[in-house]
>>> print(open('target.pdb').read())   # PDB, C-alpha atoms
ATOM      1  CA  MET A   1      97.955 141.677  86.122
ATOM      2  CA  TYR A   2      99.115 142.082  89.697
ATOM      3  CA  SER A   3      98.117 141.126  93.220
ATOM      4  CA  THR A   4      96.022 143.693  95.085
ATOM      5  CA  LYS A   5      97.346 142.210  98.353
ATOM      6  CA  LEU A   6     100.920 142.768  97.174
ATOM      7  CA  LEU A   7     100.003 146.317  96.213
ATOM      8  CA  GLN A   8      98.530 146.918  99.683
ATOM      9  CA  PHE A   9     101.611 145.373 101.306
ATOM     10  CA  ILE A  10     103.901 147.742  99.398
ATOM     11  CA  GLN A  11     101.784 150.766 100.316
ATOM     12  CA  GLN A  12     101.648 149.754 103.986
ATOM     13  CA  THR A  13     105.410 149.231 104.164
ATOM     14  CA  ILE A  14     106.531 152.617 102.794
ATOM     15  CA  PRO A  15     104.916 155.861 101.685
ATOM     16  CA  ILE A  16     104.673 155.485  97.912
ATOM     17  CA  LYS A  17     102.592 156.803  95.035
ATOM     18  CA  LEU A  18      99.980 154.371  93.743
ATOM     19  CA  GLU A  19     101.342 154.347  90.189
ATOM     20  CA  ILE A  20     104.843 153.439  91.407
ATOM     21  CA  ALA A  21     103.472 150.709  93.690
ATOM     22  CA  ILE A  22     101.572 149.302  90.698
ATOM     23  CA  GLN A  23     104.740 149.458  88.577
ATOM     24  CA  ILE A  24     106.509 147.353  91.236
ATOM     25  CA  ALA A  25     103.627 144.895  91.726
ATOM     26  CA  GLU A  26     103.379 144.299  87.968
ATOM     27  CA  GLN A  27     106.920 142.860  87.968
ATOM     28  CA  PHE A  28     105.769 139.897  90.083
ATOM     29  CA  THR A  29     104.210 136.770  88.570
ATOM     30  CA  GLU A  30     101.805 134.373  90.222
ATOM     31  CA  ARG A  31     103.181 131.127  91.652
ATOM     32  CA  ASN A  32     101.187 128.475  93.487
ATOM     33  CA  LEU A  33     102.746 125.908  95.786
ATOM     34  CA  LYS A  34     101.122 122.697  96.960
ATOM     35  CA  LYS A  35     101.200 121.542 100.571
ATOM     36  CA  GLY A  36     104.612 119.971 101.259
ATOM     37  CA  GLU A  37     106.262 121.522  98.196
ATOM     38  CA  LEU A  38     109.702 123.038  98.689
ATOM     39  CA  PHE A  39     110.128 126.605  97.489
ATOM     40  CA  LEU A  40     113.832 126.402  98.357
ATOM     41  CA  GLU A  41     115.906 123.274  98.832
ATOM     42  CA  GLU A  42     119.140 122.953 100.775
ATOM     43  CA  GLY A  43     122.166 123.097  98.471
ATOM     44  CA  LYS A  44     120.365 125.074  95.756
ATOM     45  CA  ILE A  45     120.262 128.725  94.767
ATOM     46  CA  ARG A  46     116.815 130.316  94.603
ATOM     47  CA  ASN A  47     116.273 132.806  91.809
ATOM     48  CA  ASP A  48     112.878 133.987  93.081
ATOM     49  CA  TYR A  49     111.895 136.387  95.832
ATOM     50  CA  LEU A  50     108.396 135.537  97.046
ATOM     51  CA  PHE A  51     105.438 137.489  98.405
ATOM     52  CA  LEU A  52     103.057 135.079 100.150
ATOM     53  CA  GLU A  53      99.495 136.172  99.388
ATOM     54  CA  SER A  54      97.811 133.258 101.147
ATOM     55  CA  GLY A  55      99.010 130.153 102.916
ATOM     56  CA  PHE A  56     101.677 129.300 105.458
ATOM     57  CA  MET A  57     105.314 128.234 105.044
ATOM     58  CA  ARG A  58     108.282 127.329 107.189
ATOM     59  CA  SER A  59     112.061 127.489 106.925
ATOM     60  CA  PHE A  60     114.020 124.554 108.323
ATOM     61  CA  LEU A  61     117.330 122.748 108.190
ATOM     62  CA  TYR A  62     118.759 119.467 109.424
ATOM     63  CA  ASP A  63     120.980 119.428 112.501
ATOM     64  CA  THR A  64     124.144 117.336 112.845
ATOM     65  CA  GLU A  65     122.059 114.290 113.780
ATOM     66  CA  GLY A  66     119.721 114.611 110.792
ATOM     67  CA  GLU A  67     116.803 116.027 112.792
ATOM     68  CA  GLU A  68     114.701 118.848 111.328
ATOM     69  CA  VAL A  69     115.011 122.192 113.095
ATOM     70  CA  THR A  70     112.404 124.826 112.238
ATOM     71  CA  LEU A  71     114.019 128.237 111.826
ATOM     72  CA  ASN A  72     111.032 130.396 110.952
ATOM     73  CA  PHE A  73     107.387 130.477 109.980
ATOM     74  CA  HIS A  74     106.043 132.635 107.163
ATOM     75  CA  ASN A  75     102.420 133.723 107.139
ATOM     76  CA  GLN A  76     100.431 135.478 104.456
ATOM     77  CA  ASN A  77     101.136 139.065 103.436
ATOM     78  CA  ASN A  78     104.874 138.704 103.994
ATOM     79  CA  VAL A  79     107.950 138.189 101.867
ATOM     80  CA  VAL A  80     109.766 134.855 101.928
ATOM     81  CA  PHE A  81     113.365 134.394 100.803
ATOM     82  CA  GLU A  82     116.726 133.212 102.059
ATOM     83  CA  VAL A  83     119.205 136.089 102.019
ATOM     84  CA  ALA A  84     122.425 134.226 101.161
ATOM     85  CA  SER A  85     120.814 132.150  98.436
ATOM     86  CA  PHE A  86     118.924 134.964  96.757
ATOM     87  CA  PHE A  87     121.212 137.983  97.145
ATOM     88  CA  GLN A  88     124.661 136.395  97.388
ATOM     89  CA  ARG A  89     123.866 133.539  94.962
ATOM     90  CA  GLN A  90     125.146 130.920  97.438
ATOM     91  CA  PRO A  91     123.730 127.415  97.828
ATOM     92  CA  SER A  92     121.197 127.513 100.641
ATOM     93  CA  GLN A  93     121.778 125.804 103.964
ATOM     94  CA  GLU A  94     118.039 125.696 104.619
ATOM     95  CA  ASN A  95     114.762 124.619 103.070
ATOM     96  CA  ILE A  96     111.546 126.604 102.693
ATOM     97  CA  GLN A  97     108.391 124.500 102.533
ATOM     98  CA  ALA A  98     104.684 125.177 102.029
ATOM     99  CA  LEU A  99     102.750 123.803 105.014
ATOM    100  CA  VAL A 100      99.435 124.280 103.173
ATOM    101  CA  ASP A 101      98.548 125.146  99.587
ATOM    102  CA  CYS A 102      99.923 128.640  98.971
ATOM    103  CA  LYS A 103      99.248 131.428  96.519
ATOM    104  CA  ALA A 104     102.307 133.589  95.997
ATOM    105  CA  TRP A 105     103.822 136.176  93.710
ATOM    106  CA  VAL A 106     107.495 135.984  92.739
ATOM    107  CA  ILE A 107     110.042 138.270  91.163
ATOM    108  CA  THR A 108     113.306 137.057  89.658
ATOM    109  CA  PHE A 109     116.723 138.176  90.807
ATOM    110  CA  ASP A 110     117.286 140.091  87.536
ATOM    111  CA  LYS A 111     113.918 141.896  87.666
ATOM    112  CA  LEU A 112     114.419 142.777  91.318
ATOM    113  CA  ASN A 113     117.847 144.242  90.588
ATOM    114  CA  GLY A 114     116.385 146.157  87.658
ATOM    115  CA  LEU A 115     113.862 147.757  90.018
ATOM    116  CA  PHE A 116     116.608 148.546  92.543
ATOM    117  CA  HIS A 117     118.525 150.459  89.868
ATOM    118  CA  THR A 118     115.583 152.279  88.286
ATOM    119  CA  VAL A 119     112.983 152.883  91.020
ATOM    120  CA  PRO A 120     114.286 154.712  94.128
ATOM    121  CA  GLU A 121     111.115 153.824  96.049
ATOM    122  CA  PHE A 122     111.863 150.148  95.513
ATOM    123  CA  ARG A 123     115.257 150.594  97.171
ATOM    124  CA  GLU A 124     113.460 152.113 100.161
ATOM    125  CA  LEU A 125     111.002 149.187 100.211
ATOM    126  CA  GLY A 126     113.885 146.708 100.142
ATOM    127  CA  ARG A 127     115.689 148.540 102.934
ATOM    128  CA  ALA A 128     112.549 148.607 105.092
ATOM    129  CA  LEU A 129     111.957 144.872 104.588
ATOM    130  CA  LEU A 130     115.574 143.942 105.337
ATOM    131  CA  VAL A 131     115.565 146.043 108.514
ATOM    132  CA  LYS A 132     112.273 144.476 109.622
ATOM    133  CA  GLY A 133     113.680 140.998 108.956
ATOM    134  CA  PHE A 134     116.943 141.730 110.755
ATOM    135  CA  VAL A 135     115.109 143.072 113.825
ATOM    136  CA  ALA A 136     112.847 139.995 113.936
ATOM    137  CA  PHE A 137     115.888 137.717 113.644
ATOM    138  CA  LYS A 138     117.720 139.601 116.390
ATOM    139  CA  LEU A 139     114.718 139.472 118.759
ATOM    140  CA  ARG A 140     114.284 135.744 118.120
ATOM    141  CA  THR A 141     117.981 135.076 118.779
ATOM    142  CA  LEU A 142     117.907 137.093 121.995
ATOM    143  CA  GLY A 143     114.675 135.365 123.034
ATOM    144  CA  LEU A 144     116.334 131.959 122.784
ATOM    145  CA  ILE A 145     118.895 133.233 125.296
ATOM    146  CA  ASN A 146     116.971 135.483 127.691
ATOM    147  CA  LYS A 147     113.408 134.100 127.600
ATOM    148  CA  ASN A 148     112.172 130.828 129.018
ATOM    149  CA  ALA A 149     110.047 128.403 126.998
ATOM    150  CA  VAL A 150     106.756 129.758 128.378
ATOM    151  CA  GLN A 151     107.713 133.328 127.462
ATOM    152  CA  ARG A 152     108.808 132.270 123.967
ATOM    153  CA  HIS A 153     105.475 130.478 123.516
ATOM    154  CA  GLU A 154     103.534 133.579 124.595
ATOM    155  CA  ILE A 155     105.528 135.803 122.223
ATOM    156  CA  LEU A 156     104.888 133.372 119.367
ATOM    157  CA  ILE A 157     101.139 133.414 120.027
ATOM    158  CA  GLN A 158     101.119 137.230 120.201
ATOM    159  CA  ASN A 159     103.065 137.632 116.967
ATOM    160  CA  ASN A 160     101.705 134.664 115.012
ATOM    161  CA  PRO A 161      98.374 133.507 116.508
ATOM    162  CA  GLU A 162      97.358 131.391 113.506
ATOM    163  CA  ILE A 163     100.447 129.215 113.784
ATOM    164  CA  PHE A 164      98.624 126.406 115.607
ATOM    165  CA  GLN A 165      96.138 126.237 112.725
ATOM    166  CA  TYR A 166      98.813 125.434 110.166
ATOM    167  CA  ALA A 167     101.937 124.009 111.787
ATOM    168  CA  PRO A 168     102.252 120.613 113.489
ATOM    169  CA  LEU A 169     103.284 120.817 117.154
ATOM    170  CA  LYS A 170     106.652 119.163 116.407
ATOM    171  CA  TYR A 171     107.571 122.073 114.102
ATOM    172  CA  ILE A 172     106.471 124.641 116.668
ATOM    173  CA  ALA A 173     108.369 122.872 119.460
ATOM    174  CA  SER A 174     111.485 122.788 117.287
ATOM    175  CA  TYR A 175     111.123 126.503 116.544
ATOM    176  CA  LEU A 176     110.792 127.270 120.266
ATOM    177  CA  GLY A 177     113.822 125.110 121.079
ATOM    178  CA  ILE A 178     111.873 122.661 123.253
ATOM    179  CA  THR A 179     110.577 119.094 123.096
ATOM    180  CA  ASP A 180     107.105 118.153 121.888
ATOM    181  CA  SER A 181     106.119 117.044 125.406
ATOM    182  CA  SER A 182     107.280 120.361 126.912
ATOM    183  CA  LEU A 183     105.177 122.231 124.384
ATOM    184  CA  SER A 184     102.156 120.071 125.205
ATOM    185  CA  ARG A 185     102.529 120.934 128.917
ATOM    186  CA  ILE A 186     102.925 124.640 128.141
ATOM    187  CA  ARG A 187      99.855 124.541 125.862
ATOM    188  CA  ALA A 188      97.784 122.775 128.545
ATOM    189  CA  ASN A 189      98.705 125.396 131.161
ATOM    190  CA  PHE A 190      98.169 128.236 128.693
ATOM    191  CA  ASN A 191      94.692 126.976 127.788
ATOM    192  CA  LYS A 192      93.720 126.846 131.492
ATOM    193  CA  LYS A 193      94.271 130.607 131.815
TER     194      LYS A 193
END
>>> encode(input="target.pdb", output="C-alpha cells")
Amino acid sequence: MYSTKLLQFIQQTIPIKLEIAIQIAEQFTERNLKKGELFLEEGKIRNDYLFLESGFMRSFLYDTEGEEVTLNFHNQNNVVFEVASFFQRQPSQENIQALVDCKAWVITFDKLNGLFHTVPEFRELGRALLVKGFVAFKLRTLGLINKNAVQRHEILIQNNPEIFQYAPLKYIASYLGITDSSLSRIRANFNKK
C-alpha cells in the first residue's frame, strides 16, 4: 500500500517512470499525528523523514528568553524533516509540531539510505528536494534582511495562502519577525485593498 499523493509528488518533482515511483512510495508507511503532537522534539534525533499528505505543521524553537520562534510552516504535499537531526544524526535544536490533525507517510533513515544506494532516481529526487529547500531557506533569510514586514506578509500570502486557516496569528507574527499587534495592523490594511 502506498499514498497516491506521495506518488504524484514524486512524479511532479522529477521525471521518473511510474514503476520506479511506486517502488519508492511503497517504502513509506502511514503515520497520523494529532493536533499539537510533536513529530520532532528539541534535543532528540528523528529517525523518520515525513511526507505530509494532509494537514499543517510548523517548525519552532525557543529563543534565549524562552519565547517560541516559528521557523517554518509545512503544508500538505511537502516533505518535513530537520536536516541535522535526520541526516547527520544530531540532536535537534528545533521542534516540529502538527497544528491540526495530519496524515503523513514516513520512511526510516535506513530505508531512505537503502533507496539512495540502489535507486538512482531516488538520489535525483533527494537532490531536487534539498535544492528546493535550500533556495526557500535562502530567500527567507534574505527577506528578513531586505524586505519590510508588509512585503514579507505579502510573500507569505502568495506562497502559503492557507496559512491563516491553520496557524494562530502569534505563530505567523513570529515567523515574519514582527509583533502580534504589527501583524494585526498589516492584516487590517491588507484586507482594505
>>> resolve_selection(input="target.pdb", expression="the PyMOL selection byres ((chain A and resi 102-114) around 9)", output="number ranges by chain")
A: 2-3, 6, 25, 27-35, 46-57, 76, 86-87, 98-101, 115-119, 122
>>> closest_residue(input="target.pdb", among="A:Ile155, A:Leu7, A:Ile20, A:Leu130", to="Val80 of chain A", atoms="all atoms listed in the file")
A:Leu130
>>> closest_residue(input="target.pdb", among="A:Asn146, A:Leu71, A:Asn77, A:Arg185", to="Gln8 of chain A", atoms="all atoms listed in the file")
A:Asn77
>>> axis_aligned_box(input="target.pdb", around="segment 166-182 of chain A", padding_each_side="5 Å", output="lines of an AutoDock Vina configuration file")
center_x = 106.3
center_y = 122.2
center_z = 118.5
size_x = 25.0
size_y = 20.2
size_z = 26.7
>>> closest_residue(input="target.pdb", among="A:Ile22, A:Ala188, A:Ile145, A:Val79", to="Ala128 of chain A", atoms="only C-alpha atoms")
A:Val79
>>> atom_distance(input="target.pdb", atom1="atom CA of Lys192 of chain A", atom2="atom CA of Leu144 of chain A")
24.8 Å
>>> closest_atom_pairs(input="target.pdb", of="segment 81-167 of chain A", to="segment 174-181 of chain A", cutoff="8 Å", atoms="all atoms listed in the file", output="Markdown table")
| residue | atom | partner | partner_atom | distance |
| --- | --- | --- | --- | --- |
| A:Leu144 | CA | A:Gly177 | CA | 7.5 |
| A:Ala149 | CA | A:Leu176 | CA | 6.9 |
| A:Arg152 | CA | A:Leu176 | CA | 6.5 |
| A:His153 | CA | A:Leu176 | CA | 7.0 |
>>> atom_distance(input="target.pdb", atom1="atom CA of Glu67 of chain A", atom2="atom CA of Glu42 of chain A")
14.1 Å
>>> atom_distance(input="target.pdb", atom1="atom CA of Asn78 of chain A", atom2="atom CA of Lys170 of chain A")
23.2 Å
>>> closest_residue(input="target.pdb", among="A:Thr4, A:Thr13, A:Asn72, A:Ser59", to="Leu156 of chain A", atoms="all atoms listed in the file")
A:Asn72
